[in-house]
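**Student:** The following file, coords_28.txt, comprises compact mmCIF, C-alpha atoms:
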# COMPACT_ATOMS: atom_id res chain seq x y z
CA MET A 1 -25.17 -30.44 -25.42
CA THR A 2 -21.85 -29.83 -27.18
CA ARG A 3 -19.88 -26.63 -27.72
CA ASN A 4 -21.46 -26.18 -31.14
CA ASP A 5 -24.98 -26.59 -29.68
CA LEU A 6 -24.11 -24.01 -27.03
CA LEU A 7 -22.73 -21.54 -29.58
CA LYS A 8 -26.06 -21.78 -31.45
CA THR A 9 -27.96 -20.71 -28.34
CA LEU A 10 -25.59 -17.73 -27.86
CA LEU A 11 -25.83 -16.42 -31.45
CA PRO A 12 -28.71 -13.97 -30.80
CA LEU A 13 -26.61 -12.36 -28.04
CA LEU A 14 -23.46 -12.10 -30.14
CA SER A 15 -24.63 -9.69 -32.82
CA GLU A 16 -23.78 -6.52 -30.90
CA PRO A 17 -20.81 -7.23 -28.60
CA PHE A 18 -17.31 -7.63 -29.94
CA VAL A 19 -16.48 -11.32 -29.78
CA ILE A 20 -13.00 -12.78 -29.38
CA CYS A 21 -13.21 -16.47 -30.22
CA ASN A 22 -10.80 -19.14 -29.11
CA ILE A 23 -8.26 -20.84 -31.34
CA GLY A 24 -9.15 -23.99 -33.29
CA ILE A 25 -12.51 -25.67 -33.59
CA PRO A 26 -14.42 -23.08 -31.48
CA SER A 27 -13.55 -20.41 -34.08
CA GLN A 28 -14.31 -22.83 -36.91
CA GLU A 29 -17.71 -23.67 -35.45
CA LEU A 30 -18.57 -20.02 -34.86
CA TYR A 31 -17.54 -19.14 -38.41
CA ALA A 32 -19.63 -21.99 -39.83
CA LEU A 33 -22.67 -20.80 -37.83
CA GLY A 34 -22.49 -17.46 -39.65
CA ASP A 35 -19.54 -15.14 -40.13
CA ARG A 36 -19.87 -11.60 -38.71
CA ASP A 37 -17.49 -8.64 -38.79
CA ASN A 38 -17.71 -8.20 -35.01
CA TYR A 39 -16.01 -11.59 -34.56
CA PHE A 40 -12.27 -11.89 -34.10
CA TYR A 41 -11.15 -15.43 -34.87
CA MET A 42 -7.91 -16.45 -33.19
CA LEU A 43 -5.86 -18.50 -35.59
CA GLY A 44 -3.05 -19.41 -33.20
CA SER A 45 -1.59 -18.50 -29.79
CA MET A 46 -3.50 -20.80 -27.44
CA GLY A 47 -4.21 -19.13 -24.10
CA MET A 48 -4.44 -15.59 -25.49
CA CYS A 49 -8.23 -15.31 -25.87
CA GLY A 50 -8.97 -13.80 -22.44
CA PRO A 51 -6.00 -11.40 -22.68
CA ILE A 52 -7.08 -10.19 -26.14
CA GLY A 53 -10.55 -9.59 -24.71
CA LEU A 54 -9.03 -7.67 -21.79
CA GLY A 55 -6.91 -5.43 -24.01
CA LEU A 56 -9.91 -4.67 -26.20
CA ALA A 57 -12.34 -4.10 -23.32
CA LEU A 58 -9.92 -1.61 -21.75
CA SER A 59 -9.76 0.24 -25.07
CA THR A 60 -13.45 0.56 -26.01
CA PRO A 61 -16.62 1.21 -24.02
CA ALA A 62 -18.43 -1.44 -26.10
CA PRO A 63 -19.34 -4.82 -24.66
CA VAL A 64 -16.74 -7.52 -25.28
CA VAL A 65 -17.26 -11.28 -25.00
CA ALA A 66 -14.21 -13.55 -24.94
CA ILE A 67 -15.13 -17.15 -25.70
CA GLU A 68 -12.52 -19.32 -24.00
CA GLY A 69 -12.15 -23.05 -23.48
CA ASP A 70 -11.10 -25.11 -20.48
CA GLY A 71 -7.87 -26.26 -22.11
CA SER A 72 -6.86 -22.76 -23.17
CA VAL A 73 -7.59 -21.27 -19.73
CA LEU A 74 -5.51 -24.04 -18.16
CA MET A 75 -2.65 -23.20 -20.52
CA ASN A 76 -2.49 -19.62 -19.24
CA LEU A 77 -3.94 -19.62 -15.73
CA GLY A 78 -2.08 -16.45 -14.72
CA ALA A 79 -4.29 -14.46 -17.09
CA LEU A 80 -7.25 -15.14 -14.77
CA VAL A 81 -5.43 -13.24 -12.03
CA THR A 82 -4.86 -10.20 -14.24
CA LEU A 83 -8.45 -10.40 -15.48
CA ALA A 84 -9.72 -10.56 -11.89
CA HIS A 85 -7.97 -7.31 -11.02
CA GLN A 86 -8.17 -5.43 -14.33
CA GLY A 87 -11.25 -6.84 -16.07
CA PRO A 88 -13.62 -3.93 -16.76
CA GLY A 89 -17.40 -4.04 -16.57
CA ASN A 90 -17.87 -4.33 -20.33
CA LEU A 91 -16.01 -7.65 -20.46
CA THR A 92 -17.46 -11.15 -20.11
CA LEU A 93 -15.31 -14.26 -20.17
CA VAL A 94 -17.29 -17.31 -21.29
CA VAL A 95 -15.34 -20.50 -20.65
CA ILE A 96 -16.87 -23.36 -22.61
CA ASP A 97 -15.77 -26.24 -20.41
CA ASN A 98 -16.20 -29.58 -22.17
CA GLY A 99 -13.41 -31.28 -20.22
CA SER A 100 -11.65 -31.93 -23.49
CA TYR A 101 -8.92 -30.66 -25.80
CA GLY A 102 -11.38 -30.71 -28.70
CA SER A 103 -9.11 -29.35 -31.41
CA THR A 104 -6.37 -31.91 -30.89
CA GLY A 105 -8.35 -35.16 -30.70
CA ASP A 106 -10.50 -34.84 -27.60
CA GLN A 107 -7.85 -35.74 -25.04
CA PRO A 108 -9.33 -35.09 -21.56
CA THR A 109 -8.35 -31.94 -19.66
CA TYR A 110 -7.98 -31.86 -15.89
CA THR A 111 -11.40 -30.25 -15.54
CA ALA A 112 -12.78 -33.66 -16.55
CA ALA A 113 -10.94 -35.06 -13.52
CA GLY A 114 -12.38 -32.53 -11.09
CA THR A 115 -10.49 -29.24 -11.41
CA SER A 116 -13.05 -26.44 -11.06
CA LEU A 117 -12.25 -23.41 -13.18
CA ALA A 118 -15.03 -21.49 -11.41
CA GLU A 119 -13.25 -22.07 -8.09
CA VAL A 120 -9.90 -21.19 -9.66
CA ALA A 121 -11.41 -17.95 -10.99
CA ARG A 122 -12.85 -17.11 -7.56
CA ALA A 123 -9.52 -17.85 -5.87
CA ALA A 124 -7.82 -15.61 -8.43
CA GLY A 125 -10.01 -12.77 -7.25
CA CYS A 126 -12.88 -12.78 -9.75
CA THR A 127 -15.95 -11.69 -7.81
CA HIS A 128 -18.70 -12.49 -10.33
CA VAL A 129 -18.36 -16.11 -11.36
CA VAL A 130 -21.20 -18.33 -12.55
CA GLU A 131 -20.97 -22.02 -13.31
CA CYS A 132 -23.88 -23.34 -15.33
CA ASN A 133 -24.84 -26.03 -17.78
CA GLY A 134 -25.08 -25.39 -21.49
CA ILE A 135 -28.81 -24.64 -21.54
CA GLU A 136 -28.43 -21.94 -18.85
CA THR A 137 -25.53 -20.15 -20.51
CA ALA A 138 -27.44 -17.74 -22.74
CA ASP A 139 -29.36 -16.42 -19.71
CA ALA A 140 -26.11 -16.02 -17.79
CA LEU A 141 -24.54 -14.13 -20.69
CA GLN A 142 -27.57 -11.90 -21.05
CA THR A 143 -27.35 -11.03 -17.35
CA SER A 144 -23.64 -10.31 -17.65
CA LEU A 145 -24.09 -8.10 -20.73
CA LYS A 146 -26.54 -5.96 -18.75
CA SER A 147 -24.30 -5.73 -15.71
CA ASP A 148 -21.55 -3.23 -14.99
CA HIS A 149 -19.00 -5.67 -13.62
CA PHE A 150 -16.55 -8.12 -15.17
CA SER A 151 -18.05 -11.63 -15.19
CA VAL A 152 -16.78 -15.13 -15.70
CA ILE A 153 -19.22 -17.78 -16.94
CA VAL A 154 -18.06 -21.39 -16.85
CA ALA A 155 -20.41 -23.33 -19.12
CA LYS A 156 -20.29 -27.10 -18.64
CA VAL A 157 -20.99 -29.02 -21.86
CA ASP A 158 -20.19 -32.40 -23.36
CA PRO A 159 -17.13 -33.04 -25.52
CA GLY A 160 -17.57 -33.24 -29.27
CA ASN A 161 -16.91 -31.20 -32.37
CA ALA A 162 -19.04 -30.22 -35.36
CA PRO A 163 -17.65 -31.36 -38.74
CA VAL A 164 -16.28 -27.97 -39.82
CA GLY A 165 -13.21 -26.80 -41.71
CA ALA A 166 -10.57 -24.13 -41.18
CA VAL A 167 -11.59 -20.46 -41.09
CA PRO A 168 -10.86 -19.41 -44.69
CA LEU A 169 -9.93 -15.82 -43.86
CA HIS A 170 -6.50 -14.18 -43.99
CA PRO A 171 -5.33 -12.85 -40.60
CA ILE A 172 -4.94 -9.31 -41.94
CA MET A 173 -8.52 -9.39 -43.22
CA ILE A 174 -9.81 -10.61 -39.83
CA ARG A 175 -7.80 -7.87 -38.12
CA GLU A 176 -8.75 -5.01 -40.42
CA ARG A 177 -12.47 -5.55 -40.64
CA PHE A 178 -12.73 -6.10 -36.89
CA LYS A 179 -10.61 -3.04 -36.09
CA ASN A 180 -12.65 -0.92 -38.49
CA ARG A 181 -15.87 -2.14 -36.94
CA VAL A 182 -14.62 -1.17 -33.48
CA ALA A 183 -13.50 2.25 -34.74
CA THR A 184 -16.79 3.02 -36.47
CA THR A 185 -19.24 1.67 -33.89
CA SER A 186 -20.57 3.89 -31.18
CA PHE A 187 -22.16 2.38 -28.13
CA PRO A 188 -24.24 5.03 -26.40
CA HIS A 189 -25.41 2.42 -23.93
CA GLY A 190 -21.92 1.11 -23.19
CA ASN A 191 -21.79 0.28 -19.51
CA GLN A 192 -18.09 0.60 -18.93
CA GLN A 193 -16.11 3.26 -17.24
CA GLN A 194 -13.09 3.91 -19.46
CA THR A 195 -9.88 3.44 -17.48
CA MET B 1 17.34 3.15 -12.46
CA GLY B 2 16.28 6.52 -11.13
CA SER B 3 12.76 7.79 -11.54
CA GLU B 4 13.99 10.74 -13.65
CA LEU B 5 15.43 8.50 -16.37
CA GLY B 6 12.37 6.26 -16.07
CA LYS B 7 10.06 9.20 -16.69
CA GLU B 8 12.18 10.30 -19.63
CA LEU B 9 11.88 6.88 -21.28
CA VAL B 10 8.11 6.78 -20.67
CA GLU B 11 7.75 10.26 -22.19
CA ALA B 12 9.77 9.19 -25.25
CA LEU B 13 7.45 6.19 -25.73
CA LYS B 14 4.36 8.37 -25.28
CA LYS B 15 5.77 10.87 -27.78
CA GLY B 16 5.94 8.02 -30.30
CA GLY B 17 2.28 7.20 -29.64
CA VAL B 18 2.23 4.54 -26.92
CA ASP B 19 -0.84 5.00 -24.70
CA PHE B 20 -1.21 1.54 -23.13
CA PHE B 21 1.54 0.14 -20.90
CA MET B 22 2.06 -3.21 -19.21
CA SER B 23 4.89 -4.52 -17.08
CA VAL B 24 6.46 -7.44 -15.36
CA PRO B 25 8.88 -6.47 -12.60
CA CYS B 26 12.52 -5.56 -13.34
CA LYS B 27 15.16 -3.91 -11.16
CA LEU B 28 17.01 -2.34 -14.08
CA LEU B 29 13.82 -0.71 -15.38
CA SER B 30 12.34 0.02 -11.94
CA GLY B 31 12.39 3.76 -12.68
CA VAL B 32 10.15 3.16 -15.71
CA ILE B 33 7.69 1.13 -13.65
CA ALA B 34 7.65 3.75 -10.88
CA SER B 35 6.89 6.42 -13.46
CA LEU B 36 4.06 4.38 -15.00
CA GLU B 37 2.45 3.85 -11.61
CA LEU B 38 2.12 7.62 -11.20
CA ASP B 39 0.97 8.45 -14.74
CA ASP B 40 -2.77 9.07 -15.04
CA SER B 41 -2.63 9.94 -18.73
CA ILE B 42 -2.17 6.35 -19.91
CA THR B 43 -3.58 2.89 -19.25
CA TYR B 44 -1.15 0.85 -17.17
CA ILE B 45 -1.58 -2.71 -15.92
CA PRO B 46 0.91 -5.13 -14.37
CA VAL B 47 0.68 -8.65 -15.84
CA THR B 48 1.64 -12.03 -14.41
CA ARG B 49 3.65 -13.26 -17.39
CA GLU B 50 5.00 -11.70 -20.58
CA GLU B 51 3.04 -13.99 -22.92
CA GLU B 52 -0.22 -12.70 -21.52
CA ALA B 53 0.77 -9.16 -22.52
CA MET B 54 1.00 -10.25 -26.16
CA GLY B 55 -2.73 -10.96 -26.13
CA ILE B 56 -3.57 -7.76 -24.27
CA ALA B 57 -1.49 -5.74 -26.75
CA ALA B 58 -3.35 -7.31 -29.67
CA GLY B 59 -6.71 -6.49 -28.09
CA ALA B 60 -5.62 -2.93 -27.33
CA TYR B 61 -4.55 -2.48 -30.96
CA LEU B 62 -7.93 -3.75 -32.18
CA GLY B 63 -9.42 -1.04 -29.96
CA GLY B 64 -7.25 1.66 -31.55
CA ARG B 65 -4.50 1.78 -28.94
CA MET B 66 -0.74 1.28 -29.06
CA ALA B 67 0.78 -0.92 -26.36
CA CYS B 68 4.19 -1.34 -24.78
CA LEU B 69 5.38 -4.11 -22.45
CA VAL B 70 8.17 -3.41 -19.95
CA MET B 71 9.99 -6.72 -19.57
CA GLN B 72 13.30 -8.52 -19.16
CA ASP B 73 15.01 -10.37 -21.97
CA SER B 74 14.20 -13.62 -20.12
CA GLY B 75 10.54 -12.87 -20.85
CA LEU B 76 11.20 -13.15 -24.55
CA GLY B 77 11.57 -16.87 -23.97
CA ASN B 78 8.15 -16.95 -22.31
CA SER B 79 6.51 -15.29 -25.29
CA ILE B 80 7.87 -16.74 -28.54
CA ASN B 81 4.71 -18.52 -29.71
CA ALA B 82 2.40 -15.60 -28.94
CA LEU B 83 4.83 -13.21 -30.62
CA ALA B 84 5.00 -15.36 -33.75
CA SER B 85 1.45 -16.66 -34.11
CA LEU B 86 -0.46 -13.65 -32.76
CA ILE B 87 1.59 -10.42 -32.91
CA GLN B 88 3.55 -11.13 -36.09
CA HIS B 89 0.90 -13.29 -37.80
CA PHE B 90 -1.76 -10.59 -37.43
CA ARG B 91 0.91 -7.85 -37.82
CA ILE B 92 0.16 -5.98 -34.60
CA PRO B 93 2.25 -2.86 -33.88
CA PHE B 94 3.67 -3.33 -30.38
CA VAL B 95 6.68 -2.08 -28.42
CA LEU B 96 8.81 -4.33 -26.23
CA LEU B 97 10.89 -2.26 -23.79
CA ILE B 98 13.42 -4.86 -22.71
CA SER B 99 15.93 -4.63 -19.90
CA TYR B 100 19.01 -6.24 -21.39
CA ARG B 101 19.88 -8.30 -18.35
CA GLY B 102 22.90 -10.59 -18.61
CA THR B 103 25.02 -8.07 -20.52
CA PRO B 104 28.28 -6.56 -19.11
CA GLY B 105 27.51 -5.00 -15.76
CA GLU B 106 25.22 -7.89 -14.79
CA LYS B 107 25.91 -9.43 -11.37
CA VAL B 108 23.54 -12.42 -11.72
CA GLY B 109 25.12 -15.16 -13.83
CA THR B 110 21.89 -16.96 -14.58
CA GLN B 111 20.70 -13.94 -16.58
CA VAL B 112 23.52 -14.38 -19.10
CA PRO B 113 22.27 -17.34 -21.20
CA MET B 114 19.09 -15.54 -22.35
CA ALA B 115 21.11 -12.38 -23.03
CA MET B 116 23.39 -14.36 -25.33
CA ILE B 117 20.48 -15.40 -27.57
CA THR B 118 18.18 -12.38 -27.23
CA GLU B 119 19.28 -10.53 -30.37
CA ASP B 120 19.31 -13.76 -32.40
CA LEU B 121 15.75 -14.53 -31.24
CA LEU B 122 14.62 -11.04 -32.25
CA LYS B 123 16.30 -11.47 -35.64
CA LEU B 124 14.59 -14.84 -36.15
CA LEU B 125 11.24 -13.23 -35.32
CA ARG B 126 12.00 -10.36 -37.79
CA ILE B 127 11.54 -7.87 -34.94
CA PRO B 128 13.45 -4.58 -35.51
CA ARG B 129 15.70 -3.57 -32.62
CA LEU B 130 17.01 -0.41 -31.03
CA HIS B 131 19.85 -1.04 -28.59
CA CYS B 132 20.22 1.80 -26.10
CA HIS B 133 23.87 1.50 -25.02
CA ARG B 134 25.21 5.07 -25.03
CA PRO B 135 23.53 8.23 -23.76
CA GLY B 136 21.67 9.75 -26.69
CA ASP B 137 20.54 6.39 -28.14
CA GLU B 138 17.20 6.95 -26.40
CA LEU B 139 16.49 9.90 -28.69
CA GLU B 140 15.56 7.33 -31.36
CA ILE B 141 12.75 5.84 -29.25
CA PRO B 142 9.86 7.89 -30.72
CA ASP B 143 11.02 6.98 -34.25
CA MET B 144 11.16 3.33 -33.25
CA VAL B 145 7.56 3.45 -31.99
CA GLU B 146 6.50 5.06 -35.26
CA HIS B 147 8.39 2.31 -37.09
CA ALA B 148 6.28 -0.32 -35.30
CA ARG B 149 3.20 1.36 -36.74
CA VAL B 150 4.62 1.66 -40.27
CA ALA B 151 6.10 -1.84 -40.30
CA GLN B 152 2.99 -3.29 -38.61
CA SER B 153 5.27 -5.28 -36.36
CA ALA B 154 6.55 -5.60 -32.85
CA VAL B 155 9.73 -3.63 -32.24
CA ALA B 156 12.24 -4.14 -29.42
CA ILE B 157 14.05 -1.43 -27.46
CA LEU B 158 16.90 -2.93 -25.46
CA ILE B 159 18.15 -1.00 -22.41
CA ASP B 160 21.49 -2.25 -21.08
CA PHE B 161 23.50 -1.67 -17.88
CA HIS B 162 26.01 0.62 -19.56
CA PHE B 163 23.23 2.94 -20.71
CA VAL B 164 21.57 3.12 -17.29
CA GLN B 165 24.92 3.66 -15.48
CA GLN B 166 26.04 6.39 -17.88
CA ARG B 167 22.71 8.18 -17.57
CA SER B 168 22.46 7.93 -13.79
Could you show the structure in this file as structure tokens?

**Tutor:**
Amino acid sequence: MTRNDLLKTLLPLLSEPFVICNIGIPSQELYALGDRDNYFYMLGSMGMCGPIGLGLALSTPAPVVAIEGDGSVLMNLGALVTLAHQGPGNLTLVVIDNGSYGSTGDQPTYTAAGTSLAEVARAAGCTHVVECNGIETADALQTSLKSDHFSVIVAKVDPGNAPVGAVPLHPIMIRERFKNRVATTSFPHGNQQQT
Amino acid sequence: MGSELGKELVEALKKGGVDFFMSVPCKLLSGVIASLELDDSITYIPVTREEEAMGIAAGAYLGGRMACLVMQDSGLGNSINALASLIQHFRIPFVLLISYRGTPGEKVGTQVPMAMITEDLLKLLRIPRLHCHRPGDELEIPDMVEHARVAQSAVAILIDFHFVQQRS
């Protein structure tokens, strides 16, 4: 199972939460699977996906899912520490760990050589960490969306990219429609305590 | 920096519309950080590195908030890509409250090289600047925060040693 296969299994769960999607091919694959106005596609700034999710989740009671990658988490490991201590209950960090820098030519990351991001997350102070294979990820996400604590899901999949092109949206358009969607959506069943 | 001046600067930022604060530690701006720790009316989170705050600020803006990062000028060097390809590319209003370490009054020589290029870096990034050097300069802070919103850009407020000494 590749990242694209995994994203397909998550689609039914991604219609309501606000989704921050990682830079590069992950955003391109998600866009190609069906664009939605509750998706924020990162165009640049590798390593900022989890932090964007944190800032948003602290600013809305709505559920927020940040779709990270192993390479991007490794680029900004300190963010895991801040997330561990500040991540609110409406936030889920899904790390799609394919052991590969998929957007730059599938060079291996250190997770392919044994680094465990789940263990790193636990050591950083994250208390709800699940490592699972691709098939199990949708169930793990569903559980997290129903919970009232910040969760990290490390989903182990195979390397490989779908043949997709760049996200053909202007950054201001991505920003405005997403921001408007947040501003106009009420979540009576939001499970987060606003901080 | 005393806690009184720190509180004054925080109130000026809040008056401009900032409601979400982050910080990395700084001795020169310690009064600001002390004030933030006691303020229940805003969101405040310490971060591990300045670059991370760029992402958090973008997320907070998408959620309808206005963020400020309390940082040193050295942190500008840690943040250039996120500032350019996230904050400026998506045109996110954001306030950088920067202690202008390495300027006259500095005792630590290693702070000087980043100080010497800080204003040039901000110019290259097209980030408007307010340099608080003399008492009274801080009165422009609320307007500068409003300018971030109008310009849809990061803005930088530089606080130097002279300003803090004169106000203390």

**Student:** Considering all atoms listed in the file, extract the chain B residues located within 7 Å of chain A and return them as a VMD selection string.

**Tutor:** chain B and resid 43 47 to 48 52 55 to 60 62 to 63 65 81 to 82 85 to 86 89 to 90

**Student:** Rank A:Arg36, A:Ala113, A:Asp5, A:Leu10 by their smallest atom-to-atom distance to Leu169 (chain A), using all atoms listed in the file, and report the top residue only.

**Tutor:**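 Selected residue with least distance to Leu169 (chain A): A:Arg36.
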
**Student:** Which one is closest to Val19 (chain A): A:Val64, A:Ala32, A:Ala118, A:Leu7? Count all atoms listed in the file.

**Tutor:**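 Residue with the minimum atom-to-atom distance to Val19 (chain A): A:Val64.
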
**Student:** Find the residues near region 98-112 of chain B: any atom within 9 Å, counting only C-alpha atoms, skip ones fewer than 2 places away on the same chain, and give them as a PyMOL selection string.

**Tutor:** chain B and resi 26-29+69-76+96+114-116+118+131+156-162

**Student:** If you count all atoms listed in the file, which residues fall within 7 Å of Phe18 (chain A), apart from same-chain ones fewer than 5 positions away, as a short mmCIF file (atom, residue, chain, number, x, y, z; two decimals) with C-alpha atoms, in the coordinates of the input?

**Tutor:**
data_model
loop_
_atom_site.label_atom_id
_atom_site.label_comp_id
_atom_site.auth_asym_id
_atom_site.auth_seq_id
_atom_site.Cartn_x
_atom_site.Cartn_y
_atom_site.Cartn_z
CA ASN A 38 -17.71 -8.20 -35.01
CA TYR A 39 -16.01 -11.59 -34.56
CA PRO A 63 -19.34 -4.82 -24.66
CA VAL A 64 -16.74 -7.52 -25.28
CA VAL A 65 -17.26 -11.28 -25.00
#

**Student:** Rounded to one decimal place, report the CA of Pro17 (chain A)-CA of Leu145 (chain A) distance in Å.

**Tutor:**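 Going from CA of Pro17 (chain A) over to CA of Leu145 (chain A), I get 8.6 Å.
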
**Student:** Record the distance separating CA of Asn133 (chain A) and CA of Val157 (chain A), expressed in Å with one decimal.

**Tutor:**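 Interatomic distance here is 6.4 Å.
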
**Student:** Would you mind telling me which residue in A:Tyr101, A:Thr115, A:Ala124, A:Thr185 lies nearest to Asp37 (chain A) when using all atoms listed in the file?

**Tutor:** A:Thr185

**Student:** I need the residue nearest Leu30 (chain A) from this list: A:Ser186, A:Ser147, A:Val167, A:Pro12. Use all atoms listed in the file for the distance.

**Tutor:**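 Checking each candidate against Leu30 (chain A), we get A:Val167 as the closest.
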
**Student:** Taking the point (2.5, 8.5, -25.4) as given in the file, collect each protein or nucleic acid residue that comes within 12 Å of it, counting only C-alpha atoms, and present the set as a PyMOL selection string.

**Tutor:** chain B and resi 7-21+36+39-44+65-68+95+141-142+145-146

**Student:** Would you export the selected residues with C-alpha atoms as a tab-separated table (two decimals), in the frame of the given file, please?

**Tutor:**
chain	number	residue	atom	x	y	z
B	7	LYS	CA	10.06	9.20	-16.69
B	8	GLU	CA	12.18	10.30	-19.63
B	9	LEU	CA	11.88	6.88	-21.28
B	10	VAL	CA	8.11	6.78	-20.67
B	11	GLU	CA	7.75	10.26	-22.19
B	12	ALA	CA	9.77	9.19	-25.25
B	13	LEU	CA	7.45	6.19	-25.73
B	14	LYS	CA	4.36	8.37	-25.28
B	15	LYS	CA	5.77	10.87	-27.78
B	16	GLY	CA	5.94	8.02	-30.30
B	17	GLY	CA	2.28	7.20	-29.64
B	18	VAL	CA	2.23	4.54	-26.92
B	19	ASP	CA	-0.84	5.00	-24.70
B	20	PHE	CA	-1.21	1.54	-23.13
B	21	PHE	CA	1.54	0.14	-20.90
B	36	LEU	CA	4.06	4.38	-15.00
B	39	ASP	CA	0.97	8.45	-14.74
B	40	ASP	CA	-2.77	9.07	-15.04
B	41	SER	CA	-2.63	9.94	-18.73
B	42	ILE	CA	-2.17	6.35	-19.91
B	43	THR	CA	-3.58	2.89	-19.25
B	44	TYR	CA	-1.15	0.85	-17.17
B	65	ARG	CA	-4.50	1.78	-28.94
B	66	MET	CA	-0.74	1.28	-29.06
B	67	ALA	CA	0.78	-0.92	-26.36
B	68	CYS	CA	4.19	-1.34	-24.78
B	95	VAL	CA	6.68	-2.08	-28.42
B	141	ILE	CA	12.75	5.84	-29.25
B	142	PRO	CA	9.86	7.89	-30.72
B	145	VAL	CA	7.56	3.45	-31.99
B	146	GLU	CA	6.50	5.06	-35.26

**Student:** Rounded to one decimal place, report the CA of Val129 (chain A)-CA of Leu141 (chain A) distance in Å.

**Tutor:**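 Computing the Euclidean distance for CA of Val129 (chain A) and CA of Leu141 (chain A) yields 11.4 Å.
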
**Student:** Give me the residues near Ile67 (chain A) as a list of chain:residue names, where near means some atom within 6 Å (using all atoms listed in the file) and where sequence neighbours in that chain fewer than 4 positions away do not count.

**Tutor:** A:Cys21, A:Asn22, A:Val94

**Student:** For Ala121 (chain A), which of A:Ala162, A:Ala84, A:Met1, A:Leu13 is the closest residue, counting all atoms listed in the file?

**Tutor:**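 With all atoms listed in the file as the atom set, the closest residue is A:Ala84.
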
**Student:** Output requested as a CSV table (one decimal), in the coordinates of the input - region 14-29 of chain B, filled out with N, CA and C atoms.

**Tutor:**
chain,number,residue,atom,x,y,z
B,14,LYS,N,5.6,7.7,-25.1
B,14,LYS,CA,4.4,8.4,-25.3
B,14,LYS,C,4.4,9.3,-26.5
B,15,LYS,N,5.6,10.0,-26.6
B,15,LYS,CA,5.8,10.9,-27.8
B,15,LYS,C,5.6,10.1,-29.1
B,16,GLY,N,6.1,8.9,-29.1
B,16,GLY,CA,5.9,8.0,-30.3
B,16,GLY,C,4.5,7.5,-30.5
B,17,GLY,N,3.7,7.6,-29.5
B,17,GLY,CA,2.3,7.2,-29.6
B,17,GLY,C,1.8,6.1,-28.7
B,18,VAL,N,2.7,5.6,-27.8
B,18,VAL,CA,2.2,4.5,-26.9
B,18,VAL,C,1.3,5.1,-25.9
B,19,ASP,N,0.1,4.5,-25.7
B,19,ASP,CA,-0.8,5.0,-24.7
B,19,ASP,C,-1.4,3.9,-23.8
B,20,PHE,N,-0.7,2.7,-23.9
B,20,PHE,CA,-1.2,1.5,-23.1
B,20,PHE,C,0.0,0.8,-22.7
B,21,PHE,N,0.3,0.8,-21.4
B,21,PHE,CA,1.5,0.1,-20.9
B,21,PHE,C,1.2,-1.1,-20.0
B,22,MET,N,2.1,-2.0,-20.1
B,22,MET,CA,2.1,-3.2,-19.2
B,22,MET,C,3.5,-3.5,-18.7
B,23,SER,N,3.6,-4.2,-17.6
B,23,SER,CA,4.9,-4.5,-17.1
B,23,SER,C,4.9,-5.8,-16.3
B,24,VAL,N,6.1,-6.5,-16.4
B,24,VAL,CA,6.5,-7.4,-15.4
B,24,VAL,C,7.6,-6.8,-14.6
B,25,PRO,N,7.9,-7.2,-13.4
B,25,PRO,CA,8.9,-6.5,-12.6
B,25,PRO,C,10.3,-6.6,-13.2
B,26,CYS,N,11.1,-5.5,-13.0
B,26,CYS,CA,12.5,-5.6,-13.3
B,26,CYS,C,13.2,-4.5,-12.5
B,27,LYS,N,14.4,-4.9,-11.9
B,27,LYS,CA,15.2,-3.9,-11.2
B,27,LYS,C,15.8,-2.8,-12.0
B,28,LEU,N,16.3,-3.3,-13.2
B,28,LEU,CA,17.0,-2.3,-14.1
B,28,LEU,C,16.1,-1.3,-14.6
B,29,LEU,N,14.8,-1.7,-14.8
B,29,LEU,CA,13.8,-0.7,-15.4
B,29,LEU,C,12.8,-0.2,-14.3
